[in-house]
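To keep things clear, I will list the structure first and then write my remarks on it.
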Amino acid sequence: MRFRTADGGRIDRTRTLNFSFDGRALTGHPGDTLASALLANGIHLMGRSFKYHRPRGLLAAGIEEPNALVHVDRGGGRDAPNLRATQVELYEGLNATSQNRYPSLALDVGEAARLFSRFLPAGFYYKTFMWPASFWKRLYEPVIRAAAGLGRAPVLPDPDRYLHRYAHCEVLVIGAGAAGLAAARDAAVTGARVILCDEQNEMGGGLLSEPAATIDGQPAAAWVAAVLADLDSRANVTLLPRATAFGWYPDNMIGVAERVTDHLATPDARVPRERMWQIRAREVVIATGAHERPLVFPDNDRPGIMLAGAARLFLNRHGVRPGARAVIATACDSAYAAALDLHAAGVAIALIADLRANPVGPAIDAARAAGITVRTGTSITGSTGHLRVTGALIGTEWVACDCILMSGGWTPSLHMHAQSRGKLRFDAATANFLPVAMAGQRSTGACAGMFDLATILPGHAVSGIITPDGGHAGLVPGAKPKRAFVDFQNDVTAKDLLLATQEGFRSIEHVKRYTTTGMATDQGKTSNINALAIVAGELGNTIPEVGLTTYRPPYSPVTFGTIAGASRGALFDPERRAPMHDQAVALGARFEDVGPWKRAWYFPGPGEDLHAAVARECRAVRGSVGIFDASTLGKIEVVGADAAEFLNRLYTNAWTKLGVGRCRYGLMLSEAGFVMDDGVVGRIAEDRFHVTTTTGGAPRVLNHMEDYLQTEFPDLRVWLTSATEQWAVIAVQGPGARDLIAPFVEGIDLAPAAFPHMSVREGTICGVPTRLFRVSFTGELGFEINVPADFGPAVWEALMGTGVPTPYGTEAMHVLRAEKGYIIVGQETDGTVTPDDLGLSGMIAKSKKDFVGKRALRRPDLVVPNRKQLVGLLTEDPAVVLEEGAQIVADPAQPIPMRMIGHVTSSYASPTLGRSIAMALVEGGRGRMGKLLYVPMPGHTIAVRVVEPVFHDKAGARLDG
Amino acid sequence: MLIIPCPHCGPRPENEFRYSGEAHVVRPADPETLDDAALAELLYMRSNPKGRHAERWRHIHGCGWFFNCIRDTVTDRIERTYPAGTAP
Amino acid sequence: MKFSLRTLFTQGLSGHTGWGPQWRTPEPKPEYDAIIVGGGGHGLATAYYLAAEHGVRNVAVLEKGWLGGGNTGRNTTIIRSNYLWDESAAIYEHAVKLWEGLSQELNYNVMYSPRGVMMLAHTIHDVQVFKRHVHANRLNGIDNEWLTPGEAREFCPPLNISANVRYPILGAALQRRGGTARHDAVAWGYARGASARGVDIIQNCEVTGINRDAAGAVTGVETSRGTIRSRKIGVVAAGHTSVLMGMAGVRMPLESYPLQALVSEPVKPVFPCVVMSNTIHAYISQSDKGELVIGAGTDAYTSYSQAGGLHIAAHTLDAICEMFPMFRRMRMLRNWGGIVDVTPDRSPIIGKTPVPGLFVNCGWGTGGFKATPGSGHVFAATIARDDPHPIAAPFTLERFRTGRLIDEAAAAAVAH
Ligand SMILES: Cc1cc2nc3c(=O)[nH]c(=O)nc-3n(C[C@H](O)[C@H](O)[C@H](O)COP(=O)(O)OP(=O)(O)OC[C@H]3O[C@@H](n4cnc5c(N)ncnc54)[C@H](O)[C@@H]3O)c2cc1C
Ligand SMILES: [Zn+2]
């Protein structure tokens, strides 16, 4: 660690940490970042730029760093690309590699791009690679893609966990520098709930690299420690270090990403890697500081050229010297502070070149007093060196050095303010945009343009700190725009920006997109104002006339996993399970996803596939008795004096005359007249209906009912209750159904005459209260046993215990209903189908003046004669099963594009009929009975005959067993 | 995530609510009297203003009531909420 | 100047001093033969085809901000034509055919990249719906093929086709000719082509009123830069259509919602195609720059704020992380929103309006970028001839009265 100072800084020199960079074994100390540890080892070359693969070192020391992006691998899928070395805290065993280079960082073939760079100006790809057209996909694009990108995406699933936290507070303070600490303390003493977050590992901000500063007579660092200790001792204060406020969302909700374990050598497995906080704050105090601007001059990007403030931070916080001999190039007083500190630490200061004609003030005086050469009115206009800077062009003189420390002044960090939709004003004196406070938020400190510690901490005595006065934006006077980098990571130079304006891109948003300036992973923190100044200068406009580009979230990149949080695997989308789910599992069921539900799809026996199992299940229902978990059907209890009238208005059917104890199949339309849902409705009492809905439709139907009840028919005395989860529903279907349940049922006369088809009775089964429906979705004698959900498994097991019923799943249920021509909403319908299209116009009560959707059914296009109508299809070859979704044509010989007249909605091999059956929607279908139509498939055509959509027991004789 | 003041329960986060479209779209007592254009107006035409919008929300994971709300669609700020069936 | 490798080379040698503005920046004239309101892709394409194919060159495109700054410059650029209904298939396929030659037509590389769009089926219902699309597309002459899970993984290696995930992949519909294009280049290429043919592109020019004569016909517009006369006005303003049409007293079946998208930090190629999962709400591709481009959903409420809630982006990243757990450590670099104009049937409205001389092209909602060339092409013909282009003809405003909807929502749930 040749460049480590003997003492000072906030590192723990008593302990040594081993780490590796590009396979090289190195050491550092606790308190180091990867960046400071590399610098301590004399390593500046840390990355390669995006486009030209230029060798790059550190520009900055924090979140704004554009160059030093590394891949950190902890093994086992715990690897991440594009991490800023300045934010990676050193831990024992850290393993980092550089990116975007081949074969090595020092020797990168990509650097050959330099040879062509003059042919690769901004937007060059829009102008070429167009001939021959086919080459784009085959050649040009793959080459461009391979060249693009920075790091490599991980390839293994990430084993780490991420969590969300929600918090509320009166005051959220973002940034724990002097301004943020003061604001947090002022709020905390009032007893308000305060959250203070800071993106860095240590709170204190800039004060941590001000060794000479004092506040109220004590060293600044001690003041920071005292304030933090005080805040920490208060129950109403939450301190969140390593927590970046990244986004501002409506009603003062701030997203904060907290890095919990990345800095630890051996993280506790019980702790998440990162946490996303969603904080609702009555007031947000933005104290996010400022970012230093680079100077824009040719070759301002060589390793060893960094921001003066960054060099000072590395020295004062990490005890690292950036080199042995520094040139300071500046337009701002703060670089003098860097020069003085480095000088004191033994770094030779070749000179300070100050752009300003006549800078005055204590900083300049102090530098001169320290014997440092200060040249004013002097520009830096070039640099030499390759993997490390070796000289600076100052005026016309080359000055040897191994680092150049520059400062173009400081740009207030406006991101959070701008995201909050706060307005900005332009301060001509400092050439900065400044935030305008608004309700619920305010800015303080450097991000509000307050650079003087005395202003930030009124009432405190401060000393020993140099206020960063001055600044320059845009190209350095006298410098050429070529290779003068503005956006370092994306390799955007001043020349690119000038070219964009020359080509008519006048809006700053256009310039940004055309050149990609500000679009790199540092989000333009160091580049935006320089770019803006260059464009404004070229267009002859002022900076505020050109304006800023929009600040978008996140302030700094946020891990996907952090945003997703615990939502993974079982928690990604919790499964809904029917009451007899475990019984189905025990019976070896295969499941299908239906909305959020897991439904038993079929119950394969040994050696059975879907087809064989379904055939067996169907035969069991038709031949003896099957048992089915129908609990997922939606159930709504409709209660009240006007319940029947309410259903009259919501369903196409008439309900008033439905007797107590009787059921009816109901059809529900949207107001636009299209079929929306269906289900059996039973009348339990004069004022009480048990309504069932489709599985997927339950929430939608309840909301639809509530909507009409509350807002259109508020005069009706009706109450709606979702009962889907209250009832377990066991369907028992088949000629043996009555015999199966009879021994278990009490209080209900099951005799056909006493309990006819489409009735409902209350009694008990297995001693459990039941609503027993006599209904059938299979065409067989059938019952649906509703019992309180918790009793479902016991009743199911009692019935299964007889050894008689065969469990069947949704697939067999679909086949059985299709044999009977019963529709499934969502399969036979798709939101464009009317009752008449389904042949169900009989279900529209003519007597009713109004029901939802009635008027719409008379719209011109809903009454045209040639609408698609539901029919049955039988393939000429009974062994051929049509594919669901297959299209139907009248003339199979026509060329493509063919005129399609319909499609297959349902299709199965029917075990009952021993042949295939299908349902379809076909234009004018009911008028085509007996006609042949065609289903063109790839390579062959299937002939089908149009039939009634009922294939089995047309008379319905089997309903009575 | 907006904070929405339910007229019955007070301010709650948006994910307790369900947006339900423009408010004060009146379904006539006898829809049969509507001509096709008037029906299209009821079913489909929306004012979709840039600025003050009278809209409906339902506190679906709360009290269950539908209610009306005036929100500025540019800032997403809610001016006020009021019970369904009452005038803005 | 023609764009080519040769001009790039010669300009490179001479320091790129010869490139002129890609489009002119004229002052508005008092009167035009046609005014297009909205300088997004659709509006610029309309102007381009008016000039290039119909000889209508005295045209202005009025844009309130910067051209391409609306949804055109904010979308995830998924291009495909495998829509269900014949009417939709026709217009989107018309567009794809134009995409295939667009770089050459415009002499601007729009980077149309037919890398394949794969839509994942996670449920039996998805399978039924997608197969319905595959069959209908085949008979319409549009490529769309059904893949088994294994075939899907072969096409897109990052896919996890294990059966032991919450929503296993049961298969996929793949349109190989589908893909992406560079959104800004589309706007700029059309702008350059239109400007070169005489179209005035006027930015920072907000239309604030539509003027009409006693008979109700349009006579021009009021703008932030003064009155501009024209007897033909085409409104192509996406999310702002209701506002503009309201200026002429026309109510629209539209609602404007914020739709979000996000990108990751750029990485080397890892994702070869476009993958869409409607069931779990995830849309992902990788741009030529290396960013993973991810489409999120709309917020629940209408809004013109061009920003949405964090929970919307989070919901999408839930799905991405669940489907691609190796991307969990990738980081979100930018997240933004656009304002999409959604119709009740999720199909666009293109054509004439009850107001003589006023035309509208809107309702593209969450999925109109892919239609840009086709939409501009048929809309230009409609304006030039004052008669709907046959492909545009079904997409009338009138259909909401007759009930002849083109319901892609019913057919597919989402229409990116
Ligand atoms: C996040 C997101 C993702 C998307 N993803 C896809 C996708 O993957 N695939 C796809 O096909 N589509 C996608 N879309 C949809 C697609 O972006 C749009 O359908 C399409 O770009 C619309 O183009 P346009 O030209 O009509 O609209 P825009 O580009 O929005 O242009 C309309 C223009 O009108 C201007 N304007 C408005 N009012 C006025 C006025 N009063 N005066 C003057 N000018 C005015 C606006 O400033 C704007 O520039 C997405 C959209 C978003 C927001
Ligand atoms: Zn409530």
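Identifiers in this document derive from the order of the structure tokens: chains are assigned A, B, ..., residues are numbered from 1 separately in each chain, and ligands are numbered from 1 in order of occurrence.
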
Show me, as a ChimeraX atom specification, the residues of chain A whose atoms get within 7 Å of chain C, using only C-alpha atoms for the distance check.
/A:80,118-119,125-128,130,137,144-146,148-158,249,502-504,507,521,552-554,557-561,563-564,567-570,572,593,830-831,859-862,884-887,896-898

Could you list, as a tab-separated table (two decimals) with N, CA and C atoms, in the first residue's frame, all residues that come within 7 Å of ligand 1? Count only C-alpha atoms and all ligand atoms.
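See out24.tsv below for the written result:
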chain	number	residue	atom	x	y	z
C	37	VAL	N	-51.55	17.42	-36.00
C	37	VAL	CA	-51.31	17.81	-34.60
C	37	VAL	C	-50.70	16.63	-33.88
C	38	GLY	N	-49.46	16.80	-33.44
C	38	GLY	CA	-48.78	15.72	-32.73
C	38	GLY	C	-47.58	15.23	-33.51
C	39	GLY	N	-46.40	15.53	-32.99
C	39	GLY	CA	-45.17	15.12	-33.67
C	39	GLY	C	-44.59	13.86	-33.06
C	40	GLY	N	-45.43	12.87	-32.83
C	40	GLY	CA	-44.93	11.55	-32.48
C	40	GLY	C	-44.69	10.75	-33.75
C	41	GLY	N	-44.36	9.50	-33.59
C	41	GLY	CA	-44.10	8.67	-34.75
C	41	GLY	C	-45.27	8.63	-35.71
C	42	HIS	N	-46.47	8.47	-35.16
C	42	HIS	CA	-47.63	8.35	-36.05
C	42	HIS	C	-47.87	9.64	-36.83
C	43	GLY	N	-47.74	10.78	-36.14
C	43	GLY	CA	-47.97	12.05	-36.81
C	43	GLY	C	-46.91	12.32	-37.87
C	62	LEU	N	-47.48	19.98	-36.01
C	62	LEU	CA	-47.38	20.86	-34.84
C	62	LEU	C	-47.17	20.00	-33.60
C	63	GLU	N	-46.09	20.26	-32.92
C	63	GLU	CA	-45.72	19.45	-31.74
C	63	GLU	C	-45.55	20.37	-30.55
C	64	LYS	N	-46.23	20.04	-29.47
C	64	LYS	CA	-46.17	20.96	-28.33
C	64	LYS	C	-44.82	20.94	-27.63
C	65	GLY	N	-44.12	19.82	-27.68
C	65	GLY	CA	-42.80	19.75	-27.06
C	65	GLY	C	-41.74	19.51	-28.11
C	66	TRP	N	-41.01	18.44	-27.93
C	66	TRP	CA	-39.99	18.07	-28.90
C	66	TRP	C	-40.45	16.81	-29.62
C	67	LEU	N	-40.14	16.73	-30.91
C	67	LEU	CA	-40.73	15.63	-31.68
C	67	LEU	C	-40.24	14.28	-31.16
C	68	GLY	N	-41.16	13.38	-31.13
C	68	GLY	CA	-40.84	12.04	-30.61
C	68	GLY	C	-40.79	11.98	-29.09
C	69	GLY	N	-41.15	13.05	-28.42
C	69	GLY	CA	-41.03	13.09	-26.96
C	69	GLY	C	-42.19	12.47	-26.22
C	70	GLY	N	-43.23	12.11	-26.94
C	70	GLY	CA	-44.38	11.45	-26.30
C	70	GLY	C	-44.12	9.96	-26.18
C	71	ASN	N	-45.15	9.19	-26.41
C	71	ASN	CA	-45.02	7.74	-26.24
C	71	ASN	C	-44.01	7.14	-27.21
C	72	THR	N	-43.84	7.80	-28.35
C	72	THR	CA	-42.89	7.28	-29.32
C	72	THR	C	-41.51	7.11	-28.68
C	73	GLY	N	-41.10	8.10	-27.91
C	73	GLY	CA	-39.78	8.03	-27.30
C	73	GLY	C	-39.78	7.38	-25.94
C	74	ARG	N	-40.88	6.76	-25.55
C	74	ARG	CA	-40.97	6.21	-24.21
C	74	ARG	C	-41.35	4.74	-24.21
C	75	ASN	N	-41.51	4.17	-25.37
C	75	ASN	CA	-42.10	2.83	-25.36
C	75	ASN	C	-41.04	1.74	-25.44
C	76	THR	N	-41.49	0.52	-25.22
C	76	THR	CA	-40.56	-0.61	-25.17
C	76	THR	C	-40.35	-1.25	-26.55
C	77	THR	N	-40.92	-0.66	-27.55
C	77	THR	CA	-40.66	-0.92	-28.98
C	77	THR	C	-40.94	-2.36	-29.45
C	78	ILE	N	-41.84	-3.03	-28.80
C	78	ILE	CA	-42.16	-4.37	-29.28
C	78	ILE	C	-42.99	-4.27	-30.56
C	79	ILE	N	-42.54	-4.99	-31.56
C	79	ILE	CA	-43.21	-5.00	-32.87
C	79	ILE	C	-43.66	-6.42	-33.18
C	205	CYS	N	-44.88	24.02	-30.19
C	205	CYS	CA	-46.05	24.69	-30.75
C	205	CYS	C	-47.28	23.89	-30.30
C	206	GLU	N	-47.90	24.35	-29.24
C	206	GLU	CA	-49.03	23.62	-28.68
C	206	GLU	C	-50.33	24.10	-29.30
C	207	VAL	N	-51.13	23.17	-29.73
C	207	VAL	CA	-52.44	23.52	-30.26
C	207	VAL	C	-53.38	23.75	-29.08
C	208	THR	N	-54.00	24.91	-29.07
C	208	THR	CA	-54.86	25.27	-27.94
C	208	THR	C	-56.32	25.42	-28.34
C	236	VAL	N	-53.25	13.50	-34.07
C	236	VAL	CA	-52.49	12.27	-33.81
C	236	VAL	C	-51.75	12.49	-32.50
C	237	ALA	N	-52.50	12.59	-31.41
C	237	ALA	CA	-51.92	13.10	-30.17
C	237	ALA	C	-51.94	12.09	-29.04
C	238	ALA	N	-52.12	10.82	-29.36
C	238	ALA	CA	-52.06	9.75	-28.35
C	238	ALA	C	-52.84	10.14	-27.09
C	239	GLY	N	-52.14	10.20	-25.95
C	239	GLY	CA	-52.81	10.44	-24.67
C	239	GLY	C	-53.58	11.74	-24.58
C	240	HIS	N	-53.26	12.69	-25.44
C	240	HIS	CA	-53.93	14.00	-25.37
C	240	HIS	C	-55.09	14.14	-26.35
C	241	THR	N	-55.47	13.04	-26.98
C	241	THR	CA	-56.49	13.13	-28.02
C	241	THR	C	-57.81	13.67	-27.51
C	244	LEU	N	-57.72	17.40	-27.28
C	244	LEU	CA	-57.74	18.09	-28.58
C	244	LEU	C	-59.10	17.96	-29.26
C	258	PRO	N	-51.38	6.26	-17.29
C	258	PRO	CA	-49.91	6.20	-17.29
C	258	PRO	C	-49.47	4.75	-17.48
C	259	LEU	N	-48.57	4.56	-18.41
C	259	LEU	CA	-47.99	3.23	-18.62
C	259	LEU	C	-46.49	3.35	-18.38
C	260	GLN	N	-45.95	2.43	-17.60
C	260	GLN	CA	-44.55	2.55	-17.21
C	260	GLN	C	-43.66	1.55	-17.94
C	261	ALA	N	-42.41	1.92	-18.02
C	261	ALA	CA	-41.39	1.00	-18.52
C	261	ALA	C	-40.12	1.28	-17.74
C	295	GLY	N	-41.28	-3.80	-19.86
C	295	GLY	CA	-42.54	-3.07	-19.88
C	295	GLY	C	-43.34	-3.39	-18.64
C	336	TRP	N	-39.81	5.18	-16.22
C	336	TRP	CA	-40.56	6.35	-16.66
C	336	TRP	C	-41.97	5.93	-17.07
C	337	GLY	N	-42.75	6.90	-17.40
C	337	GLY	CA	-44.11	6.61	-17.83
C	337	GLY	C	-44.49	7.41	-19.05
C	338	GLY	N	-45.45	6.91	-19.78
C	338	GLY	CA	-46.06	7.67	-20.88
C	338	GLY	C	-47.56	7.69	-20.65
C	339	ILE	N	-48.25	8.45	-21.46
C	339	ILE	CA	-49.71	8.52	-21.31
C	339	ILE	C	-50.34	7.81	-22.49
C	340	VAL	N	-50.97	6.70	-22.21
C	340	VAL	CA	-51.54	5.93	-23.32
C	340	VAL	C	-53.04	6.12	-23.38
C	362	CYS	N	-55.94	7.59	-33.23
C	362	CYS	CA	-55.66	7.51	-31.79
C	362	CYS	C	-56.07	6.14	-31.27
C	364	TRP	N	-54.27	3.93	-29.75
C	364	TRP	CA	-53.28	2.85	-29.89
C	364	TRP	C	-52.85	2.30	-28.54
C	365	GLY	N	-53.18	3.04	-27.52
C	365	GLY	CA	-53.02	2.50	-26.17
C	365	GLY	C	-51.60	2.04	-25.87
C	366	THR	N	-51.52	0.84	-25.35
C	366	THR	CA	-50.23	0.32	-24.91
C	366	THR	C	-49.44	-0.29	-26.05
C	367	GLY	N	-49.98	-0.27	-27.26
C	367	GLY	CA	-49.31	-1.07	-28.29
C	367	GLY	C	-49.21	-0.47	-29.67
C	368	GLY	N	-49.10	0.84	-29.79
C	368	GLY	CA	-49.15	1.42	-31.11
C	368	GLY	C	-47.82	1.69	-31.78
C	369	PHE	N	-46.72	1.52	-31.06
C	369	PHE	CA	-45.44	1.81	-31.72
C	369	PHE	C	-45.28	0.89	-32.92
C	370	LYS	N	-45.62	-0.36	-32.73
C	370	LYS	CA	-45.44	-1.35	-33.79
C	370	LYS	C	-46.20	-0.97	-35.05
C	371	ALA	N	-47.24	-0.17	-34.88
C	371	ALA	CA	-48.09	0.17	-36.03
C	371	ALA	C	-47.62	1.42	-36.74
C	372	THR	N	-46.62	2.11	-36.19
C	372	THR	CA	-46.28	3.45	-36.65
C	372	THR	C	-46.28	3.60	-38.18
C	416	HIS	N	-49.59	-5.27	-25.98
C	416	HIS	CA	-48.33	-4.57	-26.20
C	416	HIS	C	-47.87	-4.78	-27.63

Of the candidates B:Pro11, B:Pro5, B:Gly51, B:Gly85, which one gets nearest to chain A if we count only C-alpha atoms?
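Comparing B:Pro11, B:Pro5, B:Gly51, B:Gly85 against chain A, the winner is B:Gly85.
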
Within 6 Å of chain A, which residues of chain B show up when using only C-alpha atoms, listed as a ChimeraX atom specification?
/B:1-2,32

I need the strand (DSSP E) residues of range 7-85 of chain B per DSSP on the backbone, written as a ChimeraX atom specification.
/B:10-13,18-22,52-58,66-72,78-83

Would you work out the distance separating CA of Cys663 in chain A from CA of Arg683 in chain A, expressed in Å to one decimal?
6.2 Å

As number ranges by chain, please: every protein or nucleic acid residue near ligand 2 (cut-off 9 Å, counting only C-alpha atoms and all ligand atoms).
B: 5-12, 16-17, 58-67
